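A.B. asks: Could you have a look at this structure, given as structure tokens, before my questions?
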Amino acid sequence: MATATEQPSSRNAVLDVEVPRGLKGVKVAQTSIGNVRGQEGFFHYRQYDATELAKKRTLEDIWHLMHEGELPKTQAESDAYRAQAGQLRLAAWTQVEQLVPGLVAGADKDKLDVLGTLRALIAAVGAREGWKPWLDLSAEEIKEQCSRAVALTAVGVAAIYRVKHGKDMVAPDASLPHATDYLRMVTGEVPSAEKADALEKYLDLTVDHGFNASTFTARVVASTGADVSSAVVAAIGSLSGPLHGGAPSRALAMVDEIGTKENADPFIRAIFERGDRLMGFGHPVYTTMDPRSIMLGEIADGIGGEQVELARHVEQTSLDILEELKPGRGLKTNVEFYAALVMRSSGIPDELFTPTFAVSRVIGWTANIREQVTEDNRIFRPSAQYVGPEAPQDVPTL
Ligand SMILES: CC(C)(COP(=O)(O)OP(=O)(O)OC[C@H]1O[C@@H](n2cnc3c(N)ncnc32)[C@H](O)[C@@H]1OP(=O)(O)O)[C@@H](O)C(=O)NCCC(=O)NCCS
């Protein structure tokens with residue numbers, strides 16, 4: 001058996017290698033979209049530090065960087081891209097207005113899942129409009145569908161949430177920044193600059209993050225030649241898992257449940273005694289602090305209040321107990337912990353935490369889909385080690 005570091009001698013050579021479970025640390029593609037350097041606590045979008053981008057540039061500028069390969073060079077270019085994003089939201093509205101009421105109608109309000117309905121919406125748009133396998137499309141057509149998927153996600157999440165709660169859907173306002181308009185479409189009110197800014201920074205920081213499960217999923221589906229909506233829908237499904245994007249509400253729910261500072265220590269120890277995991281801690285790549293949680297923690301501090309104080313206390317207690325009970329594992333606070341706090345403080349309802357993650361990550365997914373399909377696409381086809389009963393065995397007759 002060869003080792004995982006051996007390279008195939010030709011493009012079609014077949015390797016028989018064993019790799020770590022979950023492909024942890026295995027490089028399965030080349031990318032110029034971005035990367036995470038876990039041990040340094042650093043991640044970047046293309047050649048820029050992502051946290052610096054979040055401090056200095058708008059979400060639309062980052063969208064431009066991911067989809068066009070570079071930042072807008074002038075204010076006019078930046079404004080034009082922002083205006084284009086507004087037009088994309090307006091175009092998405094025509095489908096959302098038509099489809100969302102039907103998708104939600106008759107559903108039990110307490111059961112209806114916003115992220116699941118978003119999957120249905122994007123699948124419906126792709127199916128109804130006959131989005132073709134990308135193999136049959138030009139690069140321009142693929143790009144257009146990717147941009148539409150980004151707009152559809154923001155407009156769709158807001159509309160699904162409002163219809164679910166018996167409220168009128170709010171049409172996009174193309175003149176607003178993408179993050180501000182998303183928040184407005186969710187709450188029905190133009191948010192304060194402070195709230196819009198906090199949410200925009202959260203979205204900036206979560207656009208992309210290396211070869212995480214949902215990004216990999218999007219690329220695997222795209223690698224088959226499937227259409228853009230299929231790849232995005234699959235990525236959303238991957239994001240929904242609590243081990244990936246589905247944890248923010250759980251992390252904050254834990255802080256809510258703890259309720260008081262005194263309660264933190266016994267509550268967290270009880271989690272370990274049950275053999276459960278602490279939500280909002282640990283990361284497959286970071287062994288130092290997640291830079292996203294540092295910045296989001298600072299934004300939360302800026303917002304202030306009792307809840308933030310309690311969260312800081314729960315965080316420190318958790319880190320102390322993790323160090324005591326799981327020493328040497330490098331388990332630190334991950335993005336989910338403060339993400340939830342920042343989203344709630346911005347006015348995002350708890351049930352939209354993961355769908356709001358999709359609103360930014362869809363920019364990264366679609367950049368990855370485009371890279372996958374335009375740069376020497378290869379269908380992903382790994383193998384599994386068969387561990388079942390020895391084969392072949394006689395097929396028993398009845
Ligand atoms: C994110 C996560 C899936 C990463 O997992 P991973 O890097 O593959 O880590 P492993 O599952 O290999 O765990 C390594 C060790 O740390 C422990 N561990 C990892 N995360 C833990 C957590 N959140 N709470 C308690 N223990 C944890 C594991 O029990 C394991 O201990 P062991 O060595 O005694 O068996 C994991 O940390 C987790 O489940 N976190 C909670 C969910 C969450 O916050 N998800 C959002 C991710 S951004």
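In the structure tokens, each chain is lettered A, B, ... as it comes, each chain's residues begin at 1, and ligands are numbered from 1 in order of appearance.
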Which protein, DNA or RNA residues have an atom within 7 Å of ligand 1, counting only C-alpha atoms and all ligand atoms, as a PyMOL selection string?
C.D. replies: chain A and resi 242-245+247+272+276-285+322+326+329+331+334-336
A.B. asks: Env of region 179-182 of chain A: 10 Å cut, atoms = only C-alpha atoms, seq-sep filter 4 positions within chain, self excluded. Answer as JSON, numbers by chain.
C.D. replies: {"A": [58, 59, 60, 86, 89, 151, 153, 154, 155, 156, 157, 158, 159, 170, 171, 172, 173, 174, 175, 186, 187, 188, 189, 190, 191, 192, 193, 195, 196, 197, 198, 199, 200, 201, 202, 203, 204, 348, 356, 359, 360]}
A.B. asks: Between CA of Arg46 (chain A) and CA of Leu296 (chain A), what is the distance, to one decimal in Å?
C.D. replies: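 For CA of Arg46 (chain A) relative to CA of Leu296 (chain A), the distance reads 21.2 Å.
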A.B. asks: My list of candidates is A:His178, A:Arg378, A:Lys164, A:Lys261. Which is closest to Asp61 (chain A) when distances are computed with only C-alpha atoms?
C.D. replies: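 The shortest atom-to-atom distance to Asp61 (chain A) comes from A:His178.
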A.B. asks: Within region 137-359 of chain A, find each residue whose DSSP state, derived from the backbone, is alpha helix (DSSP H), and express the selection as a ChimeraX atom specification.
C.D. replies: /A:139-164,178-187,193-205,213-223,228-239,248-258,261-273,291-303,306-325,335-346,353-359
A.B. asks: Can you tell me how far CA of Val125 (chain A) sits from CA of Leu88 (chain A), in Å to one decimal?
C.D. replies: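 So the answer is 14.2 Å.
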A.B. asks: List the spatial neighbours of Gly102 (chain A) as a PyMOL selection string - criterion: any atom at most 12 Å away, only C-alpha atoms, same-chain residues fewer than 3 positions off excluded.
C.D. replies: chain A and resi 95-99+105-107+117+120-121+124+159-160+163-164
A.B. asks: Compare A:Arg57, A:Val314, A:Phe357, A:Leu23 by their minimum atom-to-atom distance to Ala264 (chain A), counting only C-alpha atoms, and give me the closest one.
C.D. replies: A:Val314
A.B. asks: Smallest atom-to-atom distance to Asp256 (chain A): which of A:Ala340, A:Ala235, A:Met185, A:Met289, using only C-alpha atoms?
C.D. replies: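 Of A:Ala340, A:Ala235, A:Met185, A:Met289, the one nearest Asp256 (chain A), counting only C-alpha atoms, is A:Ala340.
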